[in-house]
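As provided, target-v7.cif (mmCIF, C-alpha atoms) reads as follows.
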data_target
loop_
_atom_site.label_atom_id
_atom_site.label_comp_id
_atom_site.auth_asym_id
_atom_site.auth_seq_id
_atom_site.Cartn_x
_atom_site.Cartn_y
_atom_site.Cartn_z
CA MET A 1 -14.05 -40.13 58.27
CA GLY A 2 -14.22 -43.53 56.67
CA SER A 3 -12.60 -45.10 53.65
CA GLY A 4 -15.44 -46.59 51.63
CA GLN A 5 -17.95 -45.11 49.22
CA LEU A 6 -20.96 -43.70 51.09
CA ARG A 7 -24.63 -43.67 50.22
CA PRO A 8 -25.95 -40.12 49.75
CA GLY A 9 -27.35 -39.11 53.12
CA GLY A 10 -26.24 -42.36 54.70
CA PRO A 11 -24.40 -42.48 58.03
CA ARG A 12 -20.70 -41.68 57.88
CA SER A 13 -20.03 -44.74 59.99
CA GLU A 14 -20.80 -46.89 56.96
CA GLY A 15 -17.41 -45.92 55.56
CA ALA A 16 -15.43 -46.58 58.72
CA ILE A 17 -12.46 -48.89 58.22
CA PRO A 18 -12.62 -52.11 60.30
CA GLN A 19 -9.02 -51.99 61.50
CA ARG A 20 -6.64 -49.54 63.15
CA ARG A 21 -5.62 -46.71 60.88
CA ILE A 22 -2.05 -47.05 59.61
CA PRO A 23 -0.12 -44.12 61.09
CA GLN A 24 2.06 -41.99 58.85
CA ASP A 25 5.68 -41.19 59.54
CA TRP A 26 6.54 -38.24 61.74
CA PRO A 27 10.07 -37.15 62.73
CA ALA A 28 10.92 -38.56 66.14
CA ASP A 29 12.69 -35.33 67.12
CA ARG A 30 9.93 -32.93 66.00
CA CYS A 31 7.02 -31.74 68.13
CA PHE A 32 3.47 -32.00 66.82
CA ARG A 33 1.74 -28.68 67.49
CA ILE A 34 -2.03 -28.45 67.76
CA LEU A 35 -4.29 -25.41 67.81
CA SER A 36 -7.76 -26.10 69.23
CA VAL A 37 -10.53 -23.46 69.28
CA ASP A 38 -13.83 -23.82 71.16
CA GLY A 39 -17.31 -22.86 70.12
CA GLY A 40 -19.00 -19.85 71.68
CA GLY A 41 -20.91 -17.73 69.17
CA ILE A 42 -19.89 -14.08 68.98
CA ARG A 43 -17.63 -14.70 71.97
CA GLY A 44 -15.25 -15.99 69.31
CA ILE A 45 -13.91 -12.44 69.54
CA PHE A 46 -11.72 -13.78 72.37
CA PRO A 47 -9.80 -16.45 70.39
CA ALA A 48 -9.83 -14.30 67.26
CA THR A 49 -8.09 -11.49 69.16
CA ILE A 50 -5.49 -13.89 70.55
CA LEU A 51 -4.74 -15.31 67.10
CA ALA A 52 -4.37 -11.83 65.63
CA GLU A 53 -2.02 -10.80 68.43
CA LEU A 54 0.06 -13.99 68.09
CA GLU A 55 0.41 -13.37 64.37
CA ARG A 56 1.48 -9.78 65.03
CA ARG A 57 4.00 -10.63 67.75
CA PHE A 58 5.51 -13.86 66.46
CA GLY A 59 4.56 -14.29 62.81
CA ASN A 60 7.55 -12.53 61.27
CA GLY A 61 5.46 -11.94 58.17
CA ARG A 62 3.97 -15.42 58.23
CA HIS A 63 0.41 -16.49 58.99
CA VAL A 64 -0.32 -17.84 62.48
CA GLY A 65 -1.46 -21.08 60.84
CA ASP A 66 2.05 -21.69 59.53
CA TYR A 67 3.13 -22.62 63.08
CA PHE A 68 0.68 -25.47 63.75
CA ASP A 69 0.55 -29.01 62.42
CA LEU A 70 -3.19 -29.50 63.03
CA VAL A 71 -6.06 -27.10 63.71
CA ALA A 72 -9.37 -28.19 65.23
CA GLY A 73 -12.30 -25.87 65.73
CA THR A 74 -15.96 -26.17 66.70
CA SER A 75 -18.76 -23.78 65.75
CA THR A 76 -17.28 -20.25 65.90
CA GLY A 77 -13.92 -21.99 66.45
CA GLY A 78 -14.58 -23.99 63.29
CA ILE A 79 -15.09 -20.78 61.35
CA LEU A 80 -11.76 -19.50 62.67
CA ALA A 81 -10.07 -22.82 61.83
CA LEU A 82 -11.37 -22.68 58.27
CA GLY A 83 -10.23 -19.07 58.01
CA ILE A 84 -6.78 -20.22 59.09
CA GLY A 85 -6.85 -23.00 56.51
CA ALA A 86 -7.75 -20.40 53.88
CA ARG A 87 -4.87 -18.22 55.18
CA ILE A 88 -7.08 -15.23 55.81
CA PRO A 89 -4.94 -12.87 57.94
CA ALA A 90 -5.73 -13.33 61.61
CA ALA A 91 -6.31 -9.59 62.07
CA GLU A 92 -8.90 -9.76 59.30
CA LEU A 93 -10.65 -12.64 61.06
CA ARG A 94 -10.70 -10.67 64.31
CA ASP A 95 -12.06 -7.57 62.59
CA LEU A 96 -14.75 -9.70 60.98
CA TYR A 97 -16.12 -10.49 64.43
CA VAL A 98 -15.68 -7.00 65.81
CA THR A 99 -17.11 -5.02 62.90
CA ARG A 100 -19.57 -7.41 61.25
CA GLY A 101 -20.71 -9.64 64.07
CA VAL A 102 -23.59 -7.23 64.60
CA GLU A 103 -24.88 -8.18 61.15
CA ILE A 104 -25.21 -11.79 62.28
CA PHE A 105 -26.51 -10.98 65.77
CA PRO A 106 -28.23 -7.59 65.33
CA GLU A 107 -28.76 -5.40 68.38
CA PRO A 108 -32.30 -4.32 69.24
CA LYS A 109 -33.06 -0.70 68.52
CA ARG A 110 -33.13 1.49 71.62
CA SER A 111 -36.58 2.89 70.92
CA VAL A 112 -39.66 1.67 72.76
CA LEU A 113 -40.71 -0.25 69.66
CA GLY A 114 -37.25 -1.78 69.40
CA ARG A 115 -37.41 -2.94 73.00
CA LEU A 116 -40.84 -4.48 72.46
CA ARG A 117 -39.58 -6.32 69.39
CA SER A 118 -36.64 -7.60 71.41
CA VAL A 119 -38.95 -8.94 74.12
CA PHE A 120 -41.12 -10.62 71.47
CA ARG A 121 -38.08 -12.15 69.79
CA LYS A 122 -36.74 -13.54 73.06
CA GLY A 123 -40.16 -14.98 73.80
CA SER A 124 -40.46 -16.59 70.39
CA HIS A 125 -37.06 -18.20 70.97
CA TRP A 126 -38.92 -20.91 72.91
CA PHE A 127 -40.65 -21.98 69.69
CA HIS A 128 -38.47 -20.85 66.79
CA HIS A 129 -34.81 -20.40 65.90
CA LEU A 130 -33.70 -16.91 66.81
CA TYR A 131 -31.78 -15.84 63.68
CA ASP A 132 -31.82 -16.39 59.96
CA ARG A 133 -28.61 -17.73 58.47
CA ASP A 134 -28.55 -15.26 55.57
CA ALA A 135 -26.16 -12.72 57.10
CA LEU A 136 -23.74 -15.38 58.36
CA GLN A 137 -23.79 -17.17 55.03
CA ALA A 138 -23.21 -13.95 53.08
CA ILE A 139 -20.19 -12.99 55.19
CA LEU A 140 -18.67 -16.48 55.04
CA THR A 141 -19.24 -16.70 51.30
CA GLU A 142 -17.43 -13.40 50.86
CA LYS A 143 -14.44 -14.60 52.88
CA LEU A 144 -14.18 -18.29 52.03
CA GLN A 145 -15.46 -17.97 48.44
CA ASP A 146 -15.34 -21.30 46.58
CA ARG A 147 -12.42 -22.79 48.49
CA LEU A 148 -12.62 -26.51 49.16
CA LEU A 149 -11.39 -28.40 52.21
CA GLY A 150 -8.81 -29.90 49.87
CA ASP A 151 -7.49 -26.37 49.26
CA SER A 152 -6.72 -25.81 52.95
CA GLN A 153 -3.14 -24.92 53.81
CA SER A 154 -3.59 -26.45 57.28
CA ARG A 155 -4.76 -29.86 58.40
CA LEU A 156 -8.26 -29.38 59.80
CA CYS A 157 -10.81 -31.22 61.94
CA ILE A 158 -14.23 -29.55 62.10
CA PRO A 159 -16.94 -31.33 64.12
CA ALA A 160 -20.68 -31.22 63.48
CA PHE A 161 -23.62 -33.49 64.32
CA ASP A 162 -25.78 -35.37 61.80
CA GLY A 163 -29.30 -35.21 63.18
CA LYS A 164 -30.70 -37.47 60.47
CA ASN A 165 -28.52 -40.44 61.40
CA SER A 166 -27.84 -39.45 65.03
CA GLU A 167 -24.08 -39.55 64.54
CA VAL A 168 -21.10 -37.34 65.08
CA PHE A 169 -19.88 -35.84 61.83
CA VAL A 170 -16.32 -34.55 61.42
CA TYR A 171 -15.09 -32.68 58.36
CA LYS A 172 -11.42 -33.44 57.71
CA THR A 173 -8.85 -32.31 55.19
CA PRO A 174 -7.13 -35.05 53.13
CA HIS A 175 -4.25 -35.44 55.56
CA HIS A 176 -4.47 -39.25 55.63
CA ARG A 177 -4.97 -41.67 52.75
CA ASP A 178 -8.11 -43.05 54.43
CA TYR A 179 -9.92 -39.71 54.28
CA LYS A 180 -11.96 -39.77 51.09
CA CYS A 181 -15.15 -37.91 51.90
CA ASP A 182 -14.38 -34.22 52.24
CA ARG A 183 -11.66 -33.14 49.81
CA TYR A 184 -14.18 -31.60 47.42
CA GLU A 185 -16.51 -30.23 50.10
CA LYS A 186 -16.71 -26.46 50.27
CA MET A 187 -15.22 -24.77 53.30
CA LEU A 188 -18.42 -22.73 53.39
CA THR A 189 -20.51 -25.86 53.93
CA ALA A 190 -18.33 -27.03 56.81
CA ALA A 191 -18.49 -23.56 58.37
CA LEU A 192 -22.30 -23.40 58.18
CA ALA A 193 -22.67 -26.96 59.49
CA THR A 194 -20.41 -26.62 62.51
CA SER A 195 -21.98 -23.27 63.48
CA ALA A 196 -25.66 -24.27 63.17
CA ALA A 197 -26.25 -23.76 66.90
CA PRO A 198 -29.57 -25.24 68.08
CA THR A 199 -32.27 -22.62 68.72
CA TYR A 200 -30.10 -19.92 67.12
CA PHE A 201 -29.98 -21.23 63.54
CA GLN A 202 -31.81 -23.94 61.61
CA PRO A 203 -29.93 -27.19 60.98
CA LEU A 204 -28.08 -27.18 57.66
CA LYS A 205 -29.62 -29.57 55.14
CA HIS A 206 -26.83 -30.77 52.88
CA GLY A 207 -26.11 -33.94 50.97
CA GLY A 208 -29.02 -35.74 52.56
CA HIS A 209 -27.82 -34.88 56.06
CA GLN A 210 -29.26 -32.56 58.69
CA LEU A 211 -26.21 -30.94 60.22
CA VAL A 212 -26.11 -29.23 63.61
CA ASP A 213 -23.44 -27.35 65.55
CA GLY A 214 -20.57 -29.58 66.66
CA GLY A 215 -20.80 -27.98 70.09
CA VAL A 216 -23.52 -30.47 71.08
CA TRP A 217 -20.77 -33.07 71.54
CA ALA A 218 -17.35 -31.40 71.18
CA ASN A 219 -17.64 -27.72 72.01
CA ASN A 220 -14.02 -28.00 73.14
CA PRO A 221 -12.44 -30.16 70.40
CA VAL A 222 -9.06 -30.64 72.07
CA MET A 223 -9.36 -34.41 72.52
CA LEU A 224 -10.66 -34.80 68.97
CA ALA A 225 -7.43 -33.15 67.82
CA VAL A 226 -5.16 -35.11 70.16
CA ILE A 227 -6.65 -38.46 69.11
CA GLU A 228 -6.37 -37.41 65.47
CA ALA A 229 -2.65 -36.81 65.92
CA LEU A 230 -2.11 -40.13 67.67
CA ILE A 231 -3.99 -42.25 65.12
CA CYS A 232 -2.76 -40.54 61.95
CA TRP A 233 0.96 -40.15 62.68
CA LYS A 234 3.72 -41.99 64.48
CA VAL A 235 3.88 -39.48 67.29
CA ARG A 236 4.31 -40.15 70.98
CA PRO A 237 2.12 -38.33 73.50
CA GLU A 238 5.16 -36.47 74.83
CA GLN A 239 5.76 -35.00 71.34
CA ILE A 240 2.39 -33.24 71.23
CA ASP A 241 1.89 -29.64 72.37
CA VAL A 242 -1.53 -28.00 72.39
CA LEU A 243 -2.69 -24.39 72.45
CA SER A 244 -6.38 -24.50 73.42
CA LEU A 245 -8.45 -21.32 73.10
CA GLY A 246 -11.83 -21.13 74.80
CA CYS A 247 -14.67 -18.64 74.56
CA GLY A 248 -15.73 -18.78 78.21
CA GLU A 249 -16.75 -21.43 80.72
CA ASP A 250 -19.19 -19.77 83.07
CA PRO A 251 -20.02 -21.80 86.19
CA TYR A 252 -23.30 -23.70 86.12
CA LEU A 253 -24.76 -23.71 89.62
CA LEU A 254 -27.98 -25.49 90.55
CA SER A 255 -30.88 -23.26 91.51
CA ASN A 256 -33.35 -23.83 94.31
CA TRP A 257 -35.99 -24.49 91.64
CA GLN A 258 -33.90 -27.29 90.17
CA LEU A 259 -33.19 -28.75 93.59
CA GLY A 260 -36.78 -28.44 94.79
CA TRP A 261 -38.93 -29.08 91.72
CA GLY A 262 -36.60 -30.77 89.25
CA GLY A 263 -38.85 -30.56 86.19
CA LYS A 264 -37.95 -29.96 82.54
CA LEU A 265 -38.92 -26.30 82.87
CA PHE A 266 -36.13 -25.68 85.37
CA TRP A 267 -33.55 -27.84 83.59
CA GLY A 268 -34.12 -26.32 80.16
CA ASP A 269 -30.68 -24.69 80.10
CA SER A 270 -28.80 -27.83 81.18
CA ILE A 271 -27.07 -27.87 77.77
CA PHE A 272 -24.79 -25.18 79.21
CA ALA A 273 -23.81 -27.52 82.03
CA ALA A 274 -23.09 -30.25 79.49
CA MET A 275 -20.96 -27.90 77.37
CA ARG A 276 -18.97 -26.66 80.37
CA LEU A 277 -18.34 -30.14 81.75
CA GLN A 278 -17.47 -31.59 78.33
CA SER A 279 -14.90 -28.86 77.93
CA MET A 280 -13.41 -29.35 81.39
CA ALA A 281 -13.28 -33.13 80.89
CA ALA A 282 -11.64 -32.83 77.47
CA THR A 283 -8.99 -30.42 78.77
CA ASN A 284 -8.23 -32.62 81.77
CA GLN A 285 -8.05 -35.75 79.62
CA ALA A 286 -5.61 -34.05 77.25
CA ARG A 287 -3.45 -32.94 80.19
CA LEU A 288 -3.47 -36.44 81.71
CA LEU A 289 -2.53 -38.01 78.38
CA LEU A 290 0.11 -35.52 77.25
CA GLY A 291 1.30 -34.10 80.58
CA PRO A 292 -0.06 -30.85 82.06
CA PRO A 293 2.77 -28.62 80.75
CA SER A 294 1.98 -29.66 77.16
CA VAL A 295 -1.51 -28.10 77.15
CA ILE A 296 -1.91 -24.33 77.41
CA ARG A 297 -5.53 -23.31 77.87
CA LEU A 298 -6.60 -19.66 77.57
CA LEU A 299 -10.04 -18.47 78.69
CA PRO A 300 -11.71 -15.09 79.19
CA LYS A 301 -12.77 -13.89 82.60
CA SER A 302 -16.19 -14.81 83.94
CA HIS A 303 -18.49 -11.80 83.71
CA GLN A 304 -21.74 -11.13 85.54
CA PRO A 305 -24.18 -11.49 84.05
CA PRO A 306 -22.57 -14.03 81.70
CA ILE A 307 -22.05 -12.88 78.12
CA GLU A 308 -24.65 -14.54 75.91
CA LEU A 309 -23.59 -16.33 72.72
CA ASP A 310 -25.25 -13.59 70.64
CA ASP A 311 -24.34 -10.53 72.74
CA TRP A 312 -22.20 -8.66 70.24
CA ARG A 313 -22.02 -5.42 72.22
CA ARG A 314 -20.69 -6.87 75.49
CA SER A 315 -18.36 -9.20 73.60
CA VAL A 316 -16.82 -6.27 71.73
CA ASP A 317 -16.56 -4.20 74.91
CA LEU A 318 -15.06 -6.85 77.20
CA LEU A 319 -13.42 -9.74 75.38
CA PRO A 320 -10.56 -8.06 73.47
CA GLN A 321 -9.04 -6.85 76.75
CA ASP A 322 -9.63 -10.26 78.33
CA ALA A 323 -7.77 -11.81 75.39
CA LEU A 324 -4.74 -9.56 75.75
CA GLU A 325 -4.53 -10.18 79.49
CA ALA A 326 -4.85 -13.96 79.09
CA LEU A 327 -2.19 -13.98 76.37
CA ASP A 328 0.24 -11.83 78.34
CA ALA A 329 0.06 -14.26 81.27
CA HIS A 330 1.40 -17.09 79.06
CA VAL A 331 3.08 -15.32 76.17
CA ASP A 332 6.64 -16.47 76.89
CA ARG A 333 5.64 -20.15 77.07
CA ILE A 334 3.48 -19.85 73.96
CA GLY A 335 6.27 -18.21 72.01
CA ALA A 336 8.78 -20.88 73.00
CA MET A 337 6.46 -23.85 72.44
CA PHE A 338 4.75 -22.86 69.21
CA PHE A 339 6.61 -20.08 67.43
CA ALA A 340 10.29 -20.98 67.58
CA GLU A 341 10.09 -22.19 63.98
CA PRO A 342 7.35 -22.71 61.39
CA ALA A 343 5.70 -26.09 60.96
CA GLN A 344 6.43 -28.15 57.90
CA PRO A 345 4.02 -27.14 55.10
CA PHE A 346 0.92 -29.29 54.82
CA VAL A 347 0.88 -31.37 51.62
CA PRO A 348 -2.47 -33.13 51.09
CA VAL A 349 -2.50 -36.79 50.16
CA PRO A 350 -2.72 -36.87 46.33
CA ALA A 351 -6.24 -36.84 44.95
CA GLU A 352 -5.62 -40.06 43.02
CA SER A 353 -5.36 -41.87 46.36
CA THR A 354 -8.51 -40.29 47.78
CA PRO A 355 -11.36 -40.13 45.24
CA ALA A 356 -14.40 -38.24 46.39
CA ALA A 357 -16.98 -40.37 48.15
#
So that I can check it, write out the structure of this file as structure tokens.
Amino acid sequence: MGSGQLRPGGPRSEGAIPQRRIPQDWPADRCFRILSVDGGGIRGIFPATILAELERRFGNGRHVGDYFDLVAGTSTGGILALGIGARIPAAELRDLYVTRGVEIFPEPKRSVLGRLRSVFRKGSHWFHHLYDRDALQAILTEKLQDRLLGDSQSRLCIPAFDGKNSEVFVYKTPHHRDYKCDRYEKMLTAALATSAAPTYFQPLKHGGHQLVDGGVWANNPVMLAVIEALICWKVRPEQIDVLSLGCGEDPYLLSNWQLGWGGKLFWGDSIFAAMRLQSMAATNQARLLLGPPSVIRLLPKSHQPPIELDDWRRSVDLLPQDALEALDAHVDRIGAMFFAEPAQPFVPVPAESTPAA
């Protein structure tokens, strides 16, 4: 994020430059195309299915990532963004969720004992994180291997939260000469940090930081991506087009208990209100800044009861069809705006200009 050398475990803000970033050249007649992918746990099946279908319909043998100038992703969206940067085929990313998501979020056995264990696990969720990270880490290690952020073939912004220093924490590829911190960071580390969802997984301890899911402040990273484009390149707002993929924004309605009693017990799930409203605000801000036609936002249907972040079975059963229906409603616009021609290949700023912090 910043430009100076950082103390191990120190706040990233220590390296922030004290003046406006010098924007890089961008062709005045060329659009800047952004892909933004929300967080949402196993509900990432929805954006993963859309990306696989876009690659199949419009890729012409190329990867879906070849058509975007910047990719931002939070939590499960961050995993997808890193997979795009690694040029893992989009169909392979989708199948990873569909076939192996159950390893990360295992279903309870249907026996009486299995049901009792499920009840106990849900109860213990009040006091302990629900899942170990081992399965997620094993799958991501298998797919991302030893790739570094500096190896990415797409420009990336991956948000997390540093709980040690109480600061936002954004992993970025070396797409500007000021970015000196993350070139040699493993993609795996960024993936585990951005997806360390509170109460589901432990925070990731790395480099003296305590990293938590970026969804606590930017579950929908669209404005992070738009601001990144405006500060790093000489682009006008009207040049920017955004494809924003969500994982669901279920309504948050106040209960009689909240209205009548108002205590912490009844507001314990208010994080879901914050996530929904952050997402709505970010989308609306992007549309106000760029113009409504420049931002295409795709979301799954609302289901009752809502699909939980770890509900692999209902996600597999419902979200692929939701994804195809949402895509078909906008497919002509998406094809014209984003897939008429490939983006210019991403060339990282030379390492000599950006030594590791």
Run the PyMOL selection byres ((chain A and resi 280) around 12) on the file and write out the hits as a VMD selection string. chain A and resid 38 218 to 223 244 246 248 to 251 273 to 279 281 to 287 297 299
Evaluate the PyMOL selection byres ((chain A and resi 102) around 10) against this structure - the residues, as a PyMOL selection string, please. chain A and resi 42+96-101+103-107+135+310-313+316
Can I get the selection written as a compact mmCIF listing (two decimals), in the frame of the given file, with C-alpha atoms?
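again-v3.txt, written as the output of this step:
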# COMPACT_ATOMS: atom_id res chain seq x y z
CA ILE A 42 -19.89 -14.08 68.98
CA LEU A 96 -14.75 -9.70 60.98
CA TYR A 97 -16.12 -10.49 64.43
CA VAL A 98 -15.68 -7.00 65.81
CA THR A 99 -17.11 -5.02 62.90
CA ARG A 100 -19.57 -7.41 61.25
CA GLY A 101 -20.71 -9.64 64.07
CA GLU A 103 -24.88 -8.18 61.15
CA ILE A 104 -25.21 -11.79 62.28
CA PHE A 105 -26.51 -10.98 65.77
CA PRO A 106 -28.23 -7.59 65.33
CA GLU A 107 -28.76 -5.40 68.38
CA ALA A 135 -26.16 -12.72 57.10
CA ASP A 310 -25.25 -13.59 70.64
CA ASP A 311 -24.34 -10.53 72.74
CA TRP A 312 -22.20 -8.66 70.24
CA ARG A 313 -22.02 -5.42 72.22
CA VAL A 316 -16.82 -6.27 71.73
So, counting all atoms listed in the file, which residue among A:Gly207, A:Leu80, A:Ile158, A:Gln344 is closest to Pro47 (chain A)?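 Selected residue with least distance to Pro47 (chain A): A:Leu80.
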Measure the distance from CA of His129 (chain A) to CA of Ser195 (chain A) in Å and round it to one decimal.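 Separation between CA of His129 (chain A) and CA of Ser195 (chain A): 13.4 Å.
Take the candidates A:Lys143, A:Arg33, A:Arg43, A:Arg12 and check each one against Ala343 (chain A) using only C-alpha atoms; the shortest distance goes to A:Arg33.
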With the file shown as input, list the residues that the PyMOL selection byres ((chain A and resi 63) around 10) selects, as a VMD selection string. chain A and resid 51 to 52 54 to 56 58 to 62 64 to 67 84 87 to 90 342
Just the selected residues (C-alpha atoms), exported as a PDB file, keeping the file's coordinate frame, please.
ATOM      1  CA  LEU A  51      -4.740 -15.310  67.100  1.00  0.00           C
ATOM      2  CA  ALA A  52      -4.370 -11.830  65.630  1.00  0.00           C
ATOM      3  CA  LEU A  54       0.060 -13.990  68.090  1.00  0.00           C
ATOM      4  CA  GLU A  55       0.410 -13.370  64.370  1.00  0.00           C
ATOM      5  CA  ARG A  56       1.480  -9.780  65.030  1.00  0.00           C
ATOM      6  CA  PHE A  58       5.510 -13.860  66.460  1.00  0.00           C
ATOM      7  CA  GLY A  59       4.560 -14.290  62.810  1.00  0.00           C
ATOM      8  CA  ASN A  60       7.550 -12.530  61.270  1.00  0.00           C
ATOM      9  CA  GLY A  61       5.460 -11.940  58.170  1.00  0.00           C
ATOM     10  CA  ARG A  62       3.970 -15.420  58.230  1.00  0.00           C
ATOM     11  CA  VAL A  64      -0.320 -17.840  62.480  1.00  0.00           C
ATOM     12  CA  GLY A  65      -1.460 -21.080  60.840  1.00  0.00           C
ATOM     13  CA  ASP A  66       2.050 -21.690  59.530  1.00  0.00           C
ATOM     14  CA  TYR A  67       3.130 -22.620  63.080  1.00  0.00           C
ATOM     15  CA  ILE A  84      -6.780 -20.220  59.090  1.00  0.00           C
ATOM     16  CA  ARG A  87      -4.870 -18.220  55.180  1.00  0.00           C
ATOM     17  CA  ILE A  88      -7.080 -15.230  55.810  1.00  0.00           C
ATOM     18  CA  PRO A  89      -4.940 -12.870  57.940  1.00  0.00           C
ATOM     19  CA  ALA A  90      -5.730 -13.330  61.610  1.00  0.00           C
ATOM     20  CA  PRO A 342       7.350 -22.710  61.390  1.00  0.00           C
TER      21      PRO A 342
END
Quote the spacing between CA of Gly44 (chain A) and CA of Glu142 (chain A) in Å to one decimal place.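 Those two atoms sit 18.8 Å apart.
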Please report the interatomic distance between CA of Ser315 (chain A) and CA of Pro108 (chain A) in Å with one decimal.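 Rounded to one decimal, the two atoms are 15.4 Å apart.
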Kindly provide the residues of region 128-194 of chain A that approach region 13-31 of chain A to within 12 Å, each paired with its closest atom pair and their distance in Å to one decimal, based on only C-alpha atoms, listed by chain and increasing number, as a tab-separated table.
residue	atom	partner	partner_atom	distance
A:Asp162	CA	A:Ser13	CA	11.1
A:Asn165	CA	A:Ser13	CA	9.6
A:Ser166	CA	A:Ser13	CA	10.7
A:Glu167	CA	A:Ser13	CA	8.0
A:Val168	CA	A:Ser13	CA	9.0
A:Phe169	CA	A:Ser13	CA	9.1
A:Val170	CA	A:Ser13	CA	10.9
A:His175	CA	A:Gln24	CA	9.7
A:His176	CA	A:Gln24	CA	7.8
A:Arg177	CA	A:Ile22	CA	9.2
A:Asp178	CA	A:Arg21	CA	7.8
A:Tyr179	CA	A:Gly15	CA	9.8
A:Lys180	CA	A:Gly15	CA	9.4
A:Cys181	CA	A:Gly15	CA	9.1
Residue nearest Gly40 (chain A) among A:Pro300, A:Pro292, A:Gly260, A:Gly9 (counting all atoms listed in the file): A:Pro300
Write out as CSV a residue-level contact list of region 130-246 of chain A versus region 68-72 of chain A with cut-off 9 Å: for each qualifying residue the closest pair of atoms and the distance in Å to one decimal, counting only C-alpha atoms, rows sorted by chain and residue number upward.
residue,atom,partner,partner_atom,distance
A:Ser154,CA,A:Leu70,CA,6.5
A:Arg155,CA,A:Leu70,CA,4.9
A:Leu156,CA,A:Val71,CA,5.0
A:Cys157,CA,A:Ala72,CA,4.7
A:Ile158,CA,A:Ala72,CA,5.9
A:Pro159,CA,A:Ala72,CA,8.3
A:Pro221,CA,A:Ala72,CA,6.3
A:Val222,CA,A:Ala72,CA,7.3
A:Leu224,CA,A:Ala72,CA,7.7
A:Ala225,CA,A:Ala72,CA,5.9
A:Glu228,CA,A:Leu70,CA,8.9
A:Ala229,CA,A:Leu70,CA,7.9
For Val216 (chain A), find every residue with an atom within 9 Å (counting all atoms listed in the file), except residues of its own chain fewer than 5 positions away, and show them as a PyMOL selection string. chain A and resi 160-161+197-198+271+274-275
Excluding Leu324 (chain A) and any residue of its chain fewer than 5 positions from it, enumerate the residues within 9 Å of it, using all atoms listed in the file, and give them as an mmCIF file with C-alpha atoms, in the coordinates of the input.
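Dumped everything to around_12.cif:
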data_model
loop_
_atom_site.group_PDB
_atom_site.id
_atom_site.type_symbol
_atom_site.label_atom_id
_atom_site.label_comp_id
_atom_site.auth_asym_id
_atom_site.auth_seq_id
_atom_site.Cartn_x
_atom_site.Cartn_y
_atom_site.Cartn_z
ATOM 1 C CA PHE A 46 -11.720 -13.780 72.370
ATOM 2 C CA THR A 49 -8.090 -11.490 69.160
ATOM 3 C CA ILE A 50 -5.490 -13.890 70.550
ATOM 4 C CA GLU A 53 -2.020 -10.800 68.430
ATOM 5 C CA LEU A 319 -13.420 -9.740 75.380
ATOM 6 C CA ALA A 329 0.060 -14.260 81.270
#
With distances taken over all atoms listed in the file, which residue among A:Thr74, A:Gln210, A:Ser270, A:Thr199 lies nearest Leu254 (chain A)? A:Ser270
